[in-house]
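Peer 1: This is input_13.cif, which holds mmCIF, C-alpha atoms:
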```cif
data_start
#
loop_
_atom_site.label_atom_id
_atom_site.label_comp_id
_atom_site.auth_asym_id
_atom_site.auth_seq_id
_atom_site.Cartn_x
_atom_site.Cartn_y
_atom_site.Cartn_z
CA MET R 1 -8.78 -10.32 19.05
CA GLY R 2 -7.42 -12.43 21.87
CA ARG R 3 -4.35 -11.78 23.93
CA VAL R 4 -2.03 -9.05 22.68
CA THR R 5 1.00 -11.29 23.17
CA TRP R 6 0.12 -13.43 20.15
CA LEU R 7 -0.65 -10.26 18.24
CA TYR R 8 2.93 -9.17 18.83
CA PHE R 9 4.13 -12.57 17.70
CA PHE R 10 2.36 -12.49 14.35
CA VAL R 11 3.45 -8.91 13.64
CA LEU R 12 7.06 -9.87 14.23
CA LEU R 13 6.52 -12.90 12.04
CA ALA R 14 4.95 -10.73 9.35
CA PHE R 15 7.88 -8.34 9.51
CA LEU R 16 10.46 -11.10 9.27
CA LEU R 17 8.64 -12.65 6.34
CA ALA R 18 8.37 -9.32 4.58
CA ILE R 19 12.09 -8.66 4.63
CA ASN R 20 13.06 -12.21 3.64
CA VAL R 21 10.52 -13.20 0.99
CA ASN R 22 11.47 -13.96 -2.58
CA GLY R 23 8.44 -12.47 -4.26
CA SER R 24 8.67 -9.99 -7.10
CA GLU R 25 12.30 -9.04 -6.55
CA ALA R 26 12.77 -6.57 -9.39
CA LYS R 27 13.32 -3.30 -7.56
CA GLU R 28 11.25 -0.62 -9.20
CA GLU R 29 11.71 3.12 -8.90
CA GLU R 30 9.22 4.36 -11.45
CA VAL R 31 5.87 5.41 -10.03
CA GLY R 32 3.36 2.58 -10.20
CA VAL R 33 0.15 1.24 -8.66
CA TYR R 34 0.11 -2.11 -6.86
CA GLU R 35 -2.86 -4.16 -5.69
CA LEU R 36 -3.06 -6.35 -2.62
CA LYS R 37 -6.09 -8.63 -2.69
CA ARG R 38 -7.38 -11.40 -0.48
CA GLY R 39 -10.95 -12.46 -1.06
CA ASN R 40 -13.15 -9.35 -1.04
CA PHE R 41 -10.54 -7.34 0.92
CA ALA R 42 -8.36 -5.27 -1.43
CA LEU R 43 -5.91 -2.37 -1.31
CA ASN R 44 -4.32 -0.26 -4.00
CA LEU R 45 -1.03 1.43 -3.18
CA THR R 46 1.63 3.44 -4.95
CA ASN R 47 5.34 3.80 -4.34
CA TYR R 48 4.90 7.57 -4.58
CA GLY R 49 4.92 8.38 -0.88
CA ALA R 50 4.34 4.68 -0.02
CA THR R 51 0.70 5.75 -0.22
CA VAL R 52 -2.55 3.86 0.33
CA LEU R 53 -4.83 4.77 -2.60
CA SER R 54 -7.89 2.69 -1.76
CA VAL R 55 -9.18 0.09 0.68
CA ILE R 56 -12.13 -2.00 -0.53
CA LEU R 57 -14.23 -3.67 2.19
CA PRO R 58 -17.65 -5.38 2.33
CA ASP R 59 -20.43 -3.93 4.44
CA LYS R 60 -22.83 -6.01 6.57
CA ASN R 61 -24.74 -6.98 3.42
CA GLY R 62 -21.65 -7.84 1.39
CA LYS R 63 -21.68 -4.60 -0.61
CA LEU R 64 -18.15 -3.44 -1.48
CA ASP R 65 -17.05 0.16 -0.99
CA ASP R 66 -13.83 2.11 -1.00
CA VAL R 67 -13.50 3.41 2.56
CA VAL R 68 -10.52 5.75 2.23
CA LEU R 69 -10.35 9.24 0.75
CA GLY R 70 -8.04 10.04 -2.12
CA PHE R 71 -7.54 11.39 -5.63
CA ASN R 72 -8.26 10.01 -9.09
CA SER R 73 -4.78 10.38 -10.55
CA LEU R 74 -1.21 9.99 -9.37
CA ASP R 75 -0.51 13.52 -10.59
CA ASP R 76 -2.99 14.81 -8.03
CA TYR R 77 -1.02 13.09 -5.27
CA LYS R 78 2.11 14.96 -6.37
CA ASN R 79 0.33 18.23 -5.58
CA ASP R 80 -1.38 16.91 -2.44
CA THR R 81 -1.40 19.16 0.63
CA VAL R 82 -3.55 16.93 2.88
CA TYR R 83 -1.34 13.80 2.82
CA PHE R 84 -4.01 11.38 1.56
CA GLY R 85 -2.91 7.86 2.51
CA ALA R 86 0.76 8.79 2.69
CA LEU R 87 3.62 7.51 4.79
CA VAL R 88 4.88 10.71 6.43
CA GLY R 89 8.34 11.41 7.88
CA ARG R 90 11.25 11.69 8.59
CA VAL R 91 9.38 13.20 11.54
CA ALA R 92 5.59 13.14 11.36
CA ASN R 93 3.46 15.93 12.81
CA ARG R 94 4.93 19.31 13.80
CA ILE R 95 8.31 20.53 14.98
CA GLY R 96 8.05 23.95 16.57
CA GLY R 97 10.17 26.66 14.99
CA ALA R 98 11.44 24.07 12.47
CA GLN R 99 14.52 23.45 14.60
CA PHE R 100 15.89 21.32 17.40
CA THR R 101 19.16 20.70 19.21
CA LEU R 102 20.78 17.27 19.37
CA ASN R 103 24.14 16.43 20.94
CA GLY R 104 25.04 20.12 21.08
CA THR R 105 24.22 20.87 17.44
CA ASN R 106 21.28 23.04 16.44
CA TYR R 107 19.55 21.74 13.34
CA LYS R 108 17.50 24.20 11.28
CA LEU R 109 14.86 22.44 9.23
CA VAL R 110 12.86 23.46 6.16
CA ALA R 111 9.64 25.07 7.41
CA ASN R 112 6.40 24.35 5.54
CA ASP R 113 3.71 25.24 8.09
CA GLY R 114 4.28 28.89 8.87
CA LYS R 115 7.54 28.95 10.82
CA ASN R 116 7.14 25.29 11.80
CA MET R 117 7.78 21.99 10.06
CA LEU R 118 4.91 19.60 9.31
CA HIS R 119 5.27 15.92 8.33
CA GLY R 120 8.93 16.12 7.41
CA GLY R 121 8.95 19.34 5.40
CA PRO R 122 7.96 20.38 1.88
CA ARG R 123 9.63 17.26 0.48
CA GLY R 124 9.04 14.75 3.21
CA PHE R 125 8.71 11.00 2.74
CA SER R 126 5.20 11.50 1.35
CA ASP R 127 6.68 13.29 -1.68
CA VAL R 128 9.44 10.93 -2.74
CA ILE R 129 9.48 7.83 -4.92
CA TRP R 130 10.07 4.70 -2.86
CA THR R 131 11.66 1.52 -4.19
CA VAL R 132 9.43 -1.55 -4.43
CA GLU R 133 11.62 -4.01 -2.54
CA SER R 134 9.27 -7.01 -2.73
CA TYR R 135 5.68 -7.62 -3.75
CA ARG R 136 3.18 -10.46 -3.68
CA GLU R 137 -0.37 -9.59 -4.61
CA LYS R 138 -1.98 -11.99 -2.12
CA SER R 139 0.44 -11.24 0.68
CA HIS R 140 2.35 -7.97 1.01
CA ILE R 141 4.30 -5.11 -0.48
CA THR R 142 7.49 -3.59 0.93
CA PHE R 143 8.68 -0.09 0.02
CA THR R 144 12.13 1.24 0.91
CA TYR R 145 13.68 4.70 0.82
CA ASP R 146 17.20 5.95 1.52
CA SER R 147 17.03 9.38 3.11
CA PHE R 148 20.25 11.36 2.82
CA ASP R 149 22.15 13.40 5.38
CA GLY R 150 20.76 16.94 5.41
CA GLU R 151 17.47 16.06 3.70
CA GLU R 152 15.02 18.77 4.81
CA GLY R 153 17.66 19.64 7.42
CA PHE R 154 17.74 16.33 9.31
CA PRO R 155 21.05 14.79 10.34
CA GLY R 156 22.44 11.56 8.94
CA ASP R 157 21.65 8.98 6.30
CA LEU R 158 18.59 6.90 7.14
CA SER R 159 17.44 3.62 5.62
CA VAL R 160 13.63 3.37 5.79
CA SER R 161 11.22 0.52 5.09
CA VAL R 162 7.44 0.10 5.26
CA THR R 163 5.55 -3.13 4.67
CA TYR R 164 1.81 -3.47 4.16
CA MET R 165 0.82 -7.11 4.76
CA PHE R 166 -2.37 -9.13 5.03
CA PHE R 167 -2.86 -11.37 8.04
CA GLN R 168 -5.68 -13.90 8.05
CA THR R 169 -8.77 -12.73 6.15
CA ASN R 170 -9.51 -9.33 7.67
CA LYS R 171 -6.35 -7.86 9.19
CA LEU R 172 -3.80 -5.47 7.75
CA VAL R 173 -0.35 -5.13 9.31
CA VAL R 174 1.75 -2.02 8.68
CA SER R 175 5.36 -2.30 9.83
CA MET R 176 7.65 0.73 9.66
CA THR R 177 11.38 0.52 10.37
CA ALA R 178 14.30 2.90 10.01
CA LYS R 179 18.04 2.55 10.61
CA PRO R 180 20.37 5.55 11.02
CA LEU R 181 23.66 4.83 9.26
CA ASN R 182 26.04 7.45 10.60
CA LYS R 183 24.39 10.06 12.87
CA ALA R 184 21.78 10.15 15.60
CA THR R 185 18.50 11.49 14.26
CA PRO R 186 14.86 11.89 15.25
CA VAL R 187 12.50 9.43 13.55
CA ASN R 188 8.71 9.43 13.78
CA LEU R 189 6.91 7.73 10.91
CA ALA R 190 3.12 7.78 10.56
CA GLN R 191 0.49 6.41 8.20
CA HIS R 192 -1.90 9.18 7.13
CA THR R 193 -4.95 7.46 5.64
CA TYR R 194 -8.33 9.19 5.94
CA TRP R 195 -11.18 6.77 6.69
CA ASN R 196 -14.89 6.93 6.04
CA LEU R 197 -16.32 3.50 6.83
CA ARG R 198 -19.62 4.23 5.05
CA GLY R 199 -17.67 4.78 1.83
CA HIS R 200 -15.57 7.71 0.68
CA THR R 201 -18.49 9.22 -1.25
CA SER R 202 -20.97 9.03 1.63
CA GLY R 203 -20.49 12.46 3.20
CA ASP R 204 -19.08 13.21 6.65
CA ILE R 205 -17.93 10.94 9.48
CA LEU R 206 -19.70 12.79 12.31
CA SER R 207 -22.10 9.90 12.98
CA HIS R 208 -19.31 7.31 13.22
CA ASN R 209 -18.96 5.98 16.74
CA LEU R 210 -15.43 6.29 18.08
CA GLN R 211 -13.60 4.93 21.08
CA LEU R 212 -10.03 6.06 21.81
CA PHE R 213 -7.89 4.32 24.39
CA GLY R 214 -6.15 7.47 25.53
CA SER R 215 -6.91 9.08 28.89
CA GLN R 216 -4.71 12.11 28.22
CA ILE R 217 -3.78 14.51 25.43
CA THR R 218 -0.89 16.85 24.69
CA PRO R 219 -2.58 20.28 24.37
CA VAL R 220 -1.34 22.71 21.74
CA ASP R 221 -0.98 26.44 21.19
CA ASP R 222 -2.58 28.45 18.39
CA GLN R 223 -0.02 27.09 15.91
CA LEU R 224 -0.82 23.49 16.92
CA ILE R 225 2.53 23.10 18.66
CA PRO R 226 2.37 21.17 21.96
CA THR R 227 2.76 23.27 25.09
CA GLY R 228 4.61 20.44 26.82
CA LYS R 229 1.75 19.70 29.18
CA ILE R 230 -0.09 16.39 29.40
CA VAL R 231 -3.68 16.73 30.60
CA PRO R 232 -6.62 14.35 31.21
CA VAL R 233 -9.54 14.16 28.77
CA LYS R 234 -12.16 13.02 31.26
CA GLY R 235 -15.30 15.12 30.98
CA THR R 236 -14.06 17.22 28.05
CA ALA R 237 -14.91 17.20 24.35
CA TYR R 238 -11.77 15.07 23.85
CA ASP R 239 -13.15 12.25 25.99
CA PHE R 240 -13.71 9.17 23.82
CA LEU R 241 -12.97 6.67 26.58
CA GLU R 242 -16.47 5.33 25.97
CA PRO R 243 -17.72 5.04 22.37
CA HIS R 244 -19.95 7.81 21.07
CA PRO R 245 -20.54 9.72 17.81
CA ILE R 246 -17.65 11.89 16.68
CA GLY R 247 -19.99 14.81 16.06
CA SER R 248 -21.63 14.77 19.48
CA LYS R 249 -19.23 17.30 21.02
CA ILE R 250 -17.29 18.59 18.03
CA ASN R 251 -19.05 21.97 18.18
CA GLU R 252 -17.39 22.59 21.54
CA LEU R 253 -14.12 22.93 19.63
CA SER R 254 -13.24 25.82 17.35
CA ASP R 255 -12.07 23.74 14.38
CA GLY R 256 -12.73 20.08 15.12
CA TYR R 257 -10.35 17.39 16.33
CA ASP R 258 -6.63 17.63 15.63
CA ILE R 259 -4.86 16.45 18.76
CA ASN R 260 -2.39 13.84 20.00
CA TYR R 261 -3.72 11.28 22.46
CA VAL R 262 -1.41 9.68 25.00
CA LEU R 263 -2.35 6.04 24.60
CA ASP R 264 -2.98 4.09 27.78
CA ASN R 265 -0.62 1.32 28.78
CA SER R 266 -1.76 -2.23 28.11
CA SER R 267 -0.98 -5.57 29.67
CA SER R 268 1.54 -6.13 26.88
CA GLU R 269 4.83 -4.26 26.79
CA HIS R 270 4.74 -4.32 22.99
CA PHE R 271 1.21 -3.44 21.88
CA ARG R 272 -1.76 -1.40 22.97
CA LYS R 273 -5.23 -0.99 21.60
CA ALA R 274 -5.57 2.50 20.17
CA ALA R 275 -9.01 2.95 18.62
CA VAL R 276 -12.32 1.42 17.55
CA VAL R 277 -14.46 3.07 14.86
CA HIS R 278 -17.93 1.79 13.93
CA ASP R 279 -20.44 2.96 11.33
CA SER R 280 -23.93 1.71 12.15
CA VAL R 281 -25.29 2.18 8.60
CA SER R 282 -22.74 -0.03 6.83
CA GLY R 283 -21.96 -2.11 9.91
CA ARG R 284 -18.24 -1.74 9.23
CA LYS R 285 -15.90 -1.63 12.18
CA LEU R 286 -12.21 -0.72 12.30
CA GLU R 287 -10.09 -1.73 15.29
CA LEU R 288 -6.52 -0.48 15.62
CA TRP R 289 -3.57 -1.70 17.70
CA THR R 290 -0.13 -0.09 17.73
CA SER R 291 3.32 -0.15 19.28
CA ALA R 292 3.47 3.68 19.28
CA PRO R 293 2.84 5.82 22.39
CA GLY R 294 0.54 8.37 20.74
CA LEU R 295 -2.30 8.77 18.26
CA GLN R 296 -3.21 11.90 16.31
CA PHE R 297 -6.97 12.09 15.82
CA TYR R 298 -7.85 14.44 12.96
CA THR R 299 -11.29 15.12 11.45
CA SER R 300 -10.26 16.73 8.13
CA ASN R 301 -11.07 20.18 9.45
CA MET R 302 -9.37 22.03 6.60
CA PHE R 303 -11.19 20.35 3.72
CA ASP R 304 -13.01 22.88 1.57
CA ASN R 305 -14.68 21.37 -1.51
CA LEU R 306 -11.66 19.20 -2.28
CA LYS R 307 -12.17 17.20 -5.49
CA GLY R 308 -11.41 13.55 -4.86
CA LYS R 309 -11.89 10.11 -6.35
CA ASP R 310 -14.83 9.38 -8.64
CA GLY R 311 -15.42 13.13 -9.00
CA PHE R 312 -16.71 13.32 -5.43
CA VAL R 313 -16.15 16.61 -3.61
CA TYR R 314 -14.88 16.22 -0.04
CA LYS R 315 -16.22 18.74 2.40
CA ARG R 316 -15.23 19.44 5.99
CA HIS R 317 -15.13 16.31 8.17
CA ALA R 318 -15.32 13.99 5.14
CA GLY R 319 -12.85 11.59 6.73
CA LEU R 320 -10.99 10.81 9.94
CA ALA R 321 -7.30 10.11 10.37
CA LEU R 322 -5.93 7.90 13.15
CA GLU R 323 -2.17 8.44 12.99
CA THR R 324 -0.30 6.37 15.56
CA GLN R 325 2.97 8.13 16.30
CA GLY R 326 5.47 9.51 18.73
CA PHE R 327 4.36 12.75 20.39
CA PRO R 328 4.47 15.91 18.23
CA ASP R 329 7.49 18.18 18.73
CA SER R 330 9.06 15.58 20.98
CA VAL R 331 12.52 16.84 20.00
CA ASN R 332 11.80 20.07 21.88
CA HIS R 333 10.10 18.55 24.94
CA PRO R 334 12.37 16.40 27.13
CA ASN R 335 9.36 15.14 29.11
CA PHE R 336 7.92 13.49 25.98
CA PRO R 337 9.06 10.01 24.87
CA SER R 338 12.28 10.39 22.90
CA GLN R 339 12.29 9.95 19.12
CA ILE R 340 16.08 9.94 18.84
CA VAL R 341 17.52 6.86 17.15
CA ASN R 342 21.28 6.24 17.16
CA PRO R 343 23.43 4.38 14.63
CA GLY R 344 23.26 0.68 15.45
CA GLU R 345 19.66 1.02 16.66
CA THR R 346 16.48 0.33 14.69
CA TYR R 347 13.31 2.38 14.87
CA LYS R 348 10.23 0.12 14.79
CA HIS R 349 6.58 1.12 14.57
CA PHE R 350 3.81 -1.42 14.02
CA MET R 351 0.09 -0.96 13.33
CA VAL R 352 -2.55 -3.68 13.10
CA TYR R 353 -6.00 -3.02 11.65
CA ARG R 354 -8.87 -5.47 12.00
CA PHE R 355 -11.94 -4.93 9.79
CA THR R 356 -15.34 -6.50 10.42
CA ALA R 357 -18.96 -5.82 9.40
CA GLU R 358 -22.04 -6.72 11.40
#
```
Represent the structure from my file as structure tokens, please.

Peer 2:
Amino acid sequence: MGRVTWLYFFVLLAFLLAINVNGSEAKEEEVGVYELKRGNFALNLTNYGATVLSVILPDKNGKLDDVVLGFNSLDDYKNDTVYFGALVGRVANRIGGAQFTLNGTNYKLVANDGKNMLHGGPRGFSDVIWTVESYREKSHITFTYDSFDGEEGFPGDLSVSVTYMFFQTNKLVVSMTAKPLNKATPVNLAQHTYWNLRGHTSGDILSHNLQLFGSQITPVDDQLIPTGKIVPVKGTAYDFLEPHPIGSKINELSDGYDINYVLDNSSSEHFRKAAVVHDSVSGRKLELWTSAPGLQFYTSNMFDNLKGKDGFVYKRHAGLALETQGFPDSVNHPNFPSQIVNPGETYKHFMVYRFTAE
């Protein structure tokens, strides 16, 4: 990949281009499907939830497969409970007790995971229609959404944007930004695609080799709410500091992986490498860089004969999610990196995927 400094440069460039291009400028608010295509690398997306519907990639022999899980119809996404491919927020992951205190005010949120809030509530950003701000099939698509004061209990109006953009022949940039207009608010956006590099109809991901660049995790209680501690992974089932199959230690856990990794610092102040996933059968490899401090690694533990695309039935561990993010429940843990964004400030979260096959 080269030095991370130039990586930061091209992401900034991509972001600036995305918000200033004069592509398809007709702003659309009906639900539609949009293709991005460059050579044999293609994505389908929808403005419902700013969702990734498919990612088509060649394997080591040039065979094309869809490597993300999903549904056949847009109607299925409207009833989705697993967040296939969605852009989640206003605050991704969980908020304990569905409440927090900010500047002396206690905010009670809309719970949707027992007594807690998950991924922004029952009508989070994954369940709203985004505006198509600009679109060029060979370049990018930008979705925007105006979140209102009090939506799911969160304070203040918030202007949100996400751009999916090609870079070179095999890289995908995802840039997420948000601007509070009148009140301080927590913001934590995450991209919730489930990957299976052998192809979404190939079975489970337990033989995929994974390396995570996180030496610590934020352990959770029985409701998956962080305890506030930060502990090392070395020598535990959560240790992916060296690449090895996902399934090699998964039986040491009660339900599989669903945990936030504290990503290690890098030589760049802007970007850090987060993960490498490799499937030896197809030869496909996914590398991920991010500007976020954390990564939620999830192995689709709750899937139970879920009917997906092409009539395929997804079973447990059919896909893996790598959600770069702020730490879960950060609003209730002062020792975690803050997610509070004030009016006049801009929340920024970048992801860079590189796909190869060998």

Peer 1: Residues picked by the PyMOL selection byres ((chain R and resi 137) around 12) here, as a list in words?

Peer 2: Gly23, Ser24, Val33, Tyr34, Glu35, Leu36, Lys37, Arg38, Gly39, Phe41, Ala42, Leu43, Asn44, Leu45, Ser134, Tyr135, Arg136, Lys138, Ser139, His140, Ile141, Thr142, Tyr164, Met165 and Phe166 of chain R

Peer 1: Extract, using all atoms listed in the file, all DNA, RNA and protein residues at most 12 Å from R:Tyr77, discarding same-chain residues fewer than 4 positions from it, and format them as JSON, numbers by chain.

Peer 2: {"R": [31, 45, 46, 47, 48, 49, 50, 51, 52, 53, 69, 70, 71, 72, 73, 81, 82, 83, 84, 85, 86, 126, 127, 128, 129, 307, 308, 309]}

Peer 1: Excluding stretch 237-254 of chain R and any residue of its chain fewer than 5 positions from it, enumerate the residues within 10 Å of it, using all atoms listed in the file, and give them as a count of residues only.

Peer 2: 27

Peer 1: What is the distance, in Å and to one decimal place, between atom CA of R:Asp149 and atom CA of R:Gly89?

Peer 2: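 Taking atom CA of R:Asp149 as the start and atom CA of R:Gly89 as the end point, the length is 14.2 Å.
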
Peer 1: Can you translate the PyMOL selection byres ((chain R and resi 122) around 10) into the concrete residues it hits in this file, as a list in words?

Peer 2: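 For this structure, the PyMOL selection byres ((chain R and resi 122) around 10) resolves to Thr81, Val110, Ala111, Asn112, Asp113, Met117, Leu118, His119, Gly120, Gly121, Arg123, Gly124, Phe125, Ser126, Asp127 and Glu152 of chain R.
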
Peer 1: Could you please determine the separation between atom CA of R:Thr218 and atom CA of R:Asn260 in Å, to one decimal place?

Peer 2: 5.8 Å

Peer 1: Nearest to R:Val341: which of R:Val187, R:Val173, R:Val162, R:Ala92 is it, counting all atoms listed in the file?

Peer 2: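 Once distances to R:Val341 are computed over all atoms listed in the file, the minimum belongs to R:Val187.
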
Peer 1: Check what the PyMOL selection byres ((chain R and resi 346) around 7) selects in the file above and give those residues as a short mmCIF file (atom, residue, chain, number, x, y, z; two decimals) with C-alpha atoms, in the coordinates of the input.

Peer 2:
```cif
data_model
loop_
_atom_site.label_atom_id
_atom_site.label_comp_id
_atom_site.auth_asym_id
_atom_site.auth_seq_id
_atom_site.Cartn_x
_atom_site.Cartn_y
_atom_site.Cartn_z
CA THR R 177 11.38 0.52 10.37
CA ALA R 178 14.30 2.90 10.01
CA LYS R 179 18.04 2.55 10.61
CA GLY R 344 23.26 0.68 15.45
CA GLU R 345 19.66 1.02 16.66
CA TYR R 347 13.31 2.38 14.87
CA LYS R 348 10.23 0.12 14.79
#
```

Peer 1: Show me, as a list in words, the residues that have an atom within 9 Å of R:Tyr353 when counting only C-alpha atoms, minus same-chain residues fewer than 4 positions from it.

Peer 2: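 After dropping sequence-adjacent residues, the list is Asn170, Lys171, Leu172, Val173, Val174, Leu286, Glu287, Leu288, Trp289 and Thr290 of chain R.
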
Peer 1: With distances taken over only C-alpha atoms, which residue among R:Val262, R:Leu181, R:Leu306, R:Val132 lies nearest R:Ser147?

Peer 2: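 So, comparing all the options, the nearest one is R:Leu181.
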
Peer 1: Find the distance between atom CA of R:Thr201 and atom CA of R:Val281 and write it in Å to one decimal.

Peer 2: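 For atom CA of R:Thr201 relative to atom CA of R:Val281, the distance reads 13.9 Å.
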
Peer 1: Out of R:Asn93, R:Asn332, R:Asn342, R:Thr169, which residue has the shortest atom-to-atom distance to R:Ala190 when counting all atoms listed in the file?

Peer 2: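 Using all atoms listed in the file, the shortest distance to R:Ala190 belongs to R:Asn93.
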
Peer 1: Which residues are near R:Val67? Cut-off 8 Å, all atoms listed in the file, ignore same chain within fewer than 3 positions. Put them as a list in words.

Peer 2: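 Neighbouring residues, sequence-local ones excluded: Ser54, Val55, Ile56, Leu57, Trp195, Asn196, Leu197, Arg198, Gly199 and His200 of chain R.
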
Peer 1: Determine the nearest neighbour of R:Lys115 from the options R:Asn40, R:Thr185, R:Ser330, R:Gln223, counting all atoms listed in the file.

Peer 2: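 Nearest candidate to R:Lys115 out of R:Asn40, R:Thr185, R:Ser330, R:Gln223: R:Gln223.
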
Peer 1: Would you pull stretch 178-239 of chain R out of the block just shown and save C-alpha atoms as a PDB file, in the first residue's frame?

Peer 2:
```pdb
ATOM      1  CA  ALA R 178     -21.636  14.915   9.938  1.00  0.00           C
ATOM      2  CA  LYS R 179     -22.171  18.515  11.051  1.00  0.00           C
ATOM      3  CA  PRO R 180     -24.269  19.455  14.106  1.00  0.00           C
ATOM      4  CA  LEU R 181     -26.260  22.590  13.331  1.00  0.00           C
ATOM      5  CA  ASN R 182     -27.448  23.816  16.718  1.00  0.00           C
ATOM      6  CA  LYS R 183     -26.638  21.442  19.610  1.00  0.00           C
ATOM      7  CA  ALA R 184     -23.762  19.252  20.722  1.00  0.00           C
ATOM      8  CA  THR R 185     -24.498  15.608  19.980  1.00  0.00           C
ATOM      9  CA  PRO R 186     -22.804  12.213  19.934  1.00  0.00           C
ATOM     10  CA  VAL R 187     -21.995  10.924  16.446  1.00  0.00           C
ATOM     11  CA  ASN R 188     -20.615   7.492  15.591  1.00  0.00           C
ATOM     12  CA  LEU R 189     -21.293   6.307  12.051  1.00  0.00           C
ATOM     13  CA  ALA R 190     -20.385   2.805  10.864  1.00  0.00           C
ATOM     14  CA  GLN R 191     -20.593   0.770   7.676  1.00  0.00           C
ATOM     15  CA  HIS R 192     -22.199  -2.617   8.367  1.00  0.00           C
ATOM     16  CA  THR R 193     -21.417  -4.822   5.372  1.00  0.00           C
ATOM     17  CA  TYR R 194     -21.081  -8.580   5.918  1.00  0.00           C
ATOM     18  CA  TRP R 195     -18.250 -10.124   3.885  1.00  0.00           C
ATOM     19  CA  ASN R 196     -17.662 -13.629   2.602  1.00  0.00           C
ATOM     20  CA  LEU R 197     -14.690 -13.479   0.248  1.00  0.00           C
ATOM     21  CA  ARG R 198     -15.408 -16.918  -1.231  1.00  0.00           C
ATOM     22  CA  GLY R 199     -18.808 -15.636  -2.366  1.00  0.00           C
ATOM     23  CA  HIS R 200     -21.987 -14.999  -0.418  1.00  0.00           C
ATOM     24  CA  THR R 201     -23.394 -18.431  -1.322  1.00  0.00           C
ATOM     25  CA  SER R 202     -20.283 -20.379  -0.291  1.00  0.00           C
ATOM     26  CA  GLY R 203     -21.149 -21.196   3.328  1.00  0.00           C
ATOM     27  CA  ASP R 204     -19.366 -19.932   6.434  1.00  0.00           C
ATOM     28  CA  ILE R 205     -16.296 -17.737   6.895  1.00  0.00           C
ATOM     29  CA  LEU R 206     -14.587 -19.860   9.569  1.00  0.00           C
ATOM     30  CA  SER R 207     -11.705 -20.822   7.263  1.00  0.00           C
ATOM     31  CA  HIS R 208     -10.966 -17.216   6.280  1.00  0.00           C
ATOM     32  CA  ASN R 209      -7.633 -16.061   7.649  1.00  0.00           C
ATOM     33  CA  LEU R 210      -7.901 -12.861   9.664  1.00  0.00           C
ATOM     34  CA  GLN R 211      -5.417 -10.396  11.066  1.00  0.00           C
ATOM     35  CA  LEU R 212      -6.621  -7.549  13.295  1.00  0.00           C
ATOM     36  CA  PHE R 213      -4.349  -4.679  14.242  1.00  0.00           C
ATOM     37  CA  GLY R 214      -5.785  -4.277  17.707  1.00  0.00           C
ATOM     38  CA  SER R 215      -3.869  -5.343  20.812  1.00  0.00           C
ATOM     39  CA  GLN R 216      -6.770  -4.620  23.165  1.00  0.00           C
ATOM     40  CA  ILE R 217     -10.541  -4.977  23.372  1.00  0.00           C
ATOM     41  CA  THR R 218     -13.330  -3.352  25.367  1.00  0.00           C
ATOM     42  CA  PRO R 219     -14.956  -6.311  27.205  1.00  0.00           C
ATOM     43  CA  VAL R 220     -18.718  -6.383  27.623  1.00  0.00           C
ATOM     44  CA  ASP R 221     -21.334  -7.610  30.070  1.00  0.00           C
ATOM     45  CA  ASP R 222     -24.095 -10.115  29.320  1.00  0.00           C
ATOM     46  CA  GLN R 223     -26.052  -7.432  27.426  1.00  0.00           C
ATOM     47  CA  LEU R 224     -23.012  -6.622  25.253  1.00  0.00           C
ATOM     48  CA  ILE R 225     -22.524  -3.262  26.963  1.00  0.00           C
ATOM     49  CA  PRO R 226     -18.868  -2.362  27.622  1.00  0.00           C
ATOM     50  CA  THR R 227     -17.766  -2.599  31.237  1.00  0.00           C
ATOM     51  CA  GLY R 228     -15.448   0.378  30.776  1.00  0.00           C
ATOM     52  CA  LYS R 229     -12.319  -1.734  30.988  1.00  0.00           C
ATOM     53  CA  ILE R 230      -9.717  -2.046  28.240  1.00  0.00           C
ATOM     54  CA  VAL R 231      -7.848  -5.363  28.299  1.00  0.00           C
ATOM     55  CA  PRO R 232      -5.116  -7.019  26.184  1.00  0.00           C
ATOM     56  CA  VAL R 233      -5.954  -9.803  23.725  1.00  0.00           C
ATOM     57  CA  LYS R 234      -2.581 -11.521  23.787  1.00  0.00           C
ATOM     58  CA  GLY R 235      -2.967 -15.259  24.306  1.00  0.00           C
ATOM     59  CA  THR R 236      -6.778 -15.216  24.288  1.00  0.00           C
ATOM     60  CA  ALA R 237      -9.340 -16.291  21.697  1.00  0.00           C
ATOM     61  CA  TYR R 238      -9.532 -12.612  20.663  1.00  0.00           C
ATOM     62  CA  ASP R 239      -5.880 -12.544  19.613  1.00  0.00           C
TER      63      ASP R 239
END
```
